[in-house]
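Written below as structure tokens is the structure these notes are about.
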Amino acid sequence: MSFSLIFVGDTPGFIDDFKKQEEIINLFNPEFVLCENLEDLSLDSKEKFDDILKKEKSQI
């Protein structure tokens, strides 16, 4: 079994994190993306995953 995974984190304000993360995700097109900002969120269903994609970064 083979899959691609990217783990993204934040820098302490050195760059526009969201823009850079989006650029990397679009470049590599992984099957899974883990983000340290999702600490308390559980994306254990397609509905929850789709819901978080619709939210603004400030709402997460």
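Letters for chains follow the order of the structure tokens (A, B, ...), residue numbers begin at 1 for each chain, and ligand numbers begin at 1 in the order shown.
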
Among chain A, which residues does DSSP mark as strand (DSSP E or B) when it is run on the backbone? Keep the chain and numbering as in the structure and answer as a PyMOL selection string. chain A and resi 5-8+32-35

Export of prior selection with N, CA and C atoms as an mmCIF file, in the first residue's frame:
data_model
loop_
_atom_site.group_PDB
_atom_site.id
_atom_site.type_symbol
_atom_site.label_atom_id
_atom_site.label_comp_id
_atom_site.auth_asym_id
_atom_site.auth_seq_id
_atom_site.Cartn_x
_atom_site.Cartn_y
_atom_site.Cartn_z
ATOM 1 N N LEU A 5 1.537 11.870 2.004
ATOM 2 C CA LEU A 5 1.143 12.597 3.207
ATOM 3 C C LEU A 5 2.019 13.831 3.364
ATOM 4 N N ILE A 6 1.411 14.935 3.734
ATOM 5 C CA ILE A 6 2.151 16.153 4.064
ATOM 6 C C ILE A 6 1.675 16.617 5.428
ATOM 7 N N PHE A 7 2.617 16.988 6.278
ATOM 8 C CA PHE A 7 2.304 17.588 7.575
ATOM 9 C C PHE A 7 2.717 19.048 7.508
ATOM 10 N N VAL A 8 1.774 19.952 7.765
ATOM 11 C CA VAL A 8 2.083 21.379 7.712
ATOM 12 C C VAL A 8 1.955 21.991 9.100
ATOM 13 N N PHE A 32 -3.317 12.913 1.755
ATOM 14 C CA PHE A 32 -3.623 13.338 3.112
ATOM 15 C C PHE A 32 -2.776 14.543 3.493
ATOM 16 N N VAL A 33 -3.388 15.462 4.241
ATOM 17 C CA VAL A 33 -2.666 16.609 4.794
ATOM 18 C C VAL A 33 -2.989 16.680 6.280
ATOM 19 N N LEU A 34 -1.962 16.647 7.109
ATOM 20 C CA LEU A 34 -2.132 16.824 8.546
ATOM 21 C C LEU A 34 -1.662 18.220 8.902
ATOM 22 N N CYS A 35 -2.382 18.850 9.796
ATOM 23 C CA CYS A 35 -2.052 20.220 10.175
ATOM 24 C C CYS A 35 -2.052 20.360 11.682
#

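For chain A, a DSSP pass over the backbone yields helix (DSSP H, G or I) at Asp17, Phe18, Lys19, Lys20, Gln21, Glu22, Glu23, Ile24, Ile25, Asn26, Leu27, Phe28, Glu36, Asn37, Leu38, Lys46, Glu47, Lys48, Phe49, Asp50, Asp51, Ile52, Leu53, Lys54, Lys57, Ser58 and Gln59 of chain A.
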
Take the selection from the previous step and output its residues with N, CA and C atoms, as a PDB file, in the first residue's frame.
ATOM      1  N   ASP A  17       1.805  31.853   6.181  1.00  0.00           N
ATOM      2  CA  ASP A  17       1.740  30.400   6.307  1.00  0.00           C
ATOM      3  C   ASP A  17       0.686  29.772   5.415  1.00  0.00           C
ATOM      4  N   PHE A  18      -0.520  30.314   5.433  1.00  0.00           N
ATOM      5  CA  PHE A  18      -1.611  29.697   4.676  1.00  0.00           C
ATOM      6  C   PHE A  18      -1.291  29.675   3.190  1.00  0.00           C
ATOM      7  N   LYS A  19      -0.765  30.770   2.659  1.00  0.00           N
ATOM      8  CA  LYS A  19      -0.431  30.846   1.237  1.00  0.00           C
ATOM      9  C   LYS A  19       0.662  29.837   0.882  1.00  0.00           C
ATOM     10  N   LYS A  20       1.677  29.720   1.720  1.00  0.00           N
ATOM     11  CA  LYS A  20       2.775  28.786   1.459  1.00  0.00           C
ATOM     12  C   LYS A  20       2.293  27.334   1.577  1.00  0.00           C
ATOM     13  N   GLN A  21       1.455  27.056   2.574  1.00  0.00           N
ATOM     14  CA  GLN A  21       0.909  25.707   2.732  1.00  0.00           C
ATOM     15  C   GLN A  21       0.080  25.320   1.517  1.00  0.00           C
ATOM     16  N   GLU A  22      -0.753  26.255   1.068  1.00  0.00           N
ATOM     17  CA  GLU A  22      -1.584  25.998  -0.110  1.00  0.00           C
ATOM     18  C   GLU A  22      -0.712  25.728  -1.333  1.00  0.00           C
ATOM     19  N   GLU A  23       0.357  26.492  -1.491  1.00  0.00           N
ATOM     20  CA  GLU A  23       1.275  26.315  -2.614  1.00  0.00           C
ATOM     21  C   GLU A  23       1.903  24.913  -2.591  1.00  0.00           C
ATOM     22  N   ILE A  24       2.349  24.474  -1.431  1.00  0.00           N
ATOM     23  CA  ILE A  24       2.982  23.162  -1.304  1.00  0.00           C
ATOM     24  C   ILE A  24       1.968  22.041  -1.553  1.00  0.00           C
ATOM     25  N   ILE A  25       0.777  22.186  -0.981  1.00  0.00           N
ATOM     26  CA  ILE A  25      -0.260  21.171  -1.179  1.00  0.00           C
ATOM     27  C   ILE A  25      -0.632  21.060  -2.654  1.00  0.00           C
ATOM     28  N   ASN A  26      -0.784  22.182  -3.339  1.00  0.00           N
ATOM     29  CA  ASN A  26      -1.117  22.151  -4.761  1.00  0.00           C
ATOM     30  C   ASN A  26       0.017  21.570  -5.595  1.00  0.00           C
ATOM     31  N   LEU A  27       1.250  21.817  -5.200  1.00  0.00           N
ATOM     32  CA  LEU A  27       2.410  21.311  -5.930  1.00  0.00           C
ATOM     33  C   LEU A  27       2.515  19.787  -5.841  1.00  0.00           C
ATOM     34  N   PHE A  28       2.332  19.238  -4.633  1.00  0.00           N
ATOM     35  CA  PHE A  28       2.514  17.808  -4.431  1.00  0.00           C
ATOM     36  C   PHE A  28       1.219  16.995  -4.515  1.00  0.00           C
ATOM     37  N   GLU A  36      -0.999  20.966  12.210  1.00  0.00           N
ATOM     38  CA  GLU A  36      -0.933  21.119  13.662  1.00  0.00           C
ATOM     39  C   GLU A  36      -2.062  21.995  14.200  1.00  0.00           C
ATOM     40  N   ASN A  37      -2.669  22.808  13.373  1.00  0.00           N
ATOM     41  CA  ASN A  37      -3.760  23.673  13.813  1.00  0.00           C
ATOM     42  C   ASN A  37      -5.062  22.918  14.051  1.00  0.00           C
ATOM     43  N   LEU A  38      -5.113  21.660  13.698  1.00  0.00           N
ATOM     44  CA  LEU A  38      -6.326  20.866  13.879  1.00  0.00           C
ATOM     45  C   LEU A  38      -6.301  20.110  15.202  1.00  0.00           C
ATOM     46  N   LYS A  46     -16.395  12.121   6.144  1.00  0.00           N
ATOM     47  CA  LYS A  46     -16.332  12.984   4.961  1.00  0.00           C
ATOM     48  C   LYS A  46     -17.088  14.289   5.203  1.00  0.00           C
ATOM     49  N   GLU A  47     -18.183  14.226   5.924  1.00  0.00           N
ATOM     50  CA  GLU A  47     -18.976  15.428   6.199  1.00  0.00           C
ATOM     51  C   GLU A  47     -18.162  16.445   7.022  1.00  0.00           C
ATOM     52  N   LYS A  48     -17.467  15.966   8.049  1.00  0.00           N
ATOM     53  CA  LYS A  48     -16.655  16.867   8.872  1.00  0.00           C
ATOM     54  C   LYS A  48     -15.508  17.451   8.059  1.00  0.00           C
ATOM     55  N   PHE A  49     -14.910  16.634   7.213  1.00  0.00           N
ATOM     56  CA  PHE A  49     -13.822  17.109   6.363  1.00  0.00           C
ATOM     57  C   PHE A  49     -14.328  18.171   5.394  1.00  0.00           C
ATOM     58  N   ASP A  50     -15.439  17.904   4.728  1.00  0.00           N
ATOM     59  CA  ASP A  50     -16.015  18.874   3.791  1.00  0.00           C
ATOM     60  C   ASP A  50     -16.399  20.169   4.503  1.00  0.00           C
ATOM     61  N   ASP A  51     -16.919  20.052   5.725  1.00  0.00           N
ATOM     62  CA  ASP A  51     -17.327  21.224   6.490  1.00  0.00           C
ATOM     63  C   ASP A  51     -16.137  22.128   6.794  1.00  0.00           C
ATOM     64  N   ILE A  52     -15.002  21.542   7.169  1.00  0.00           N
ATOM     65  CA  ILE A  52     -13.845  22.375   7.519  1.00  0.00           C
ATOM     66  C   ILE A  52     -13.258  23.063   6.297  1.00  0.00           C
ATOM     67  N   LEU A  53     -13.415  22.454   5.130  1.00  0.00           N
ATOM     68  CA  LEU A  53     -12.925  23.087   3.900  1.00  0.00           C
ATOM     69  C   LEU A  53     -13.715  24.350   3.561  1.00  0.00           C
ATOM     70  N   LYS A  54     -14.950  24.423   4.028  1.00  0.00           N
ATOM     71  CA  LYS A  54     -15.810  25.561   3.722  1.00  0.00           C
ATOM     72  C   LYS A  54     -15.573  26.745   4.665  1.00  0.00           C
ATOM     73  N   LYS A  57     -10.161  30.529   7.556  1.00  0.00           N
ATOM     74  CA  LYS A  57      -9.100  30.175   8.484  1.00  0.00           C
ATOM     75  C   LYS A  57      -9.355  30.713   9.882  1.00  0.00           C
ATOM     76  N   SER A  58      -9.915  31.907   9.985  1.00  0.00           N
ATOM     77  CA  SER A  58     -10.177  32.518  11.283  1.00  0.00           C
ATOM     78  C   SER A  58     -11.282  31.811  12.076  1.00  0.00           C
ATOM     79  N   GLN A  59     -12.094  30.990  11.404  1.00  0.00           N
ATOM     80  CA  GLN A  59     -13.183  30.273  12.059  1.00  0.00           C
ATOM     81  C   GLN A  59     -12.732  28.937  12.645  1.00  0.00           C
TER      82      GLN A  59
END

Between atom CA of A:Ile15 and atom CA of A:Lys55 lies a distance of 21.6 Å
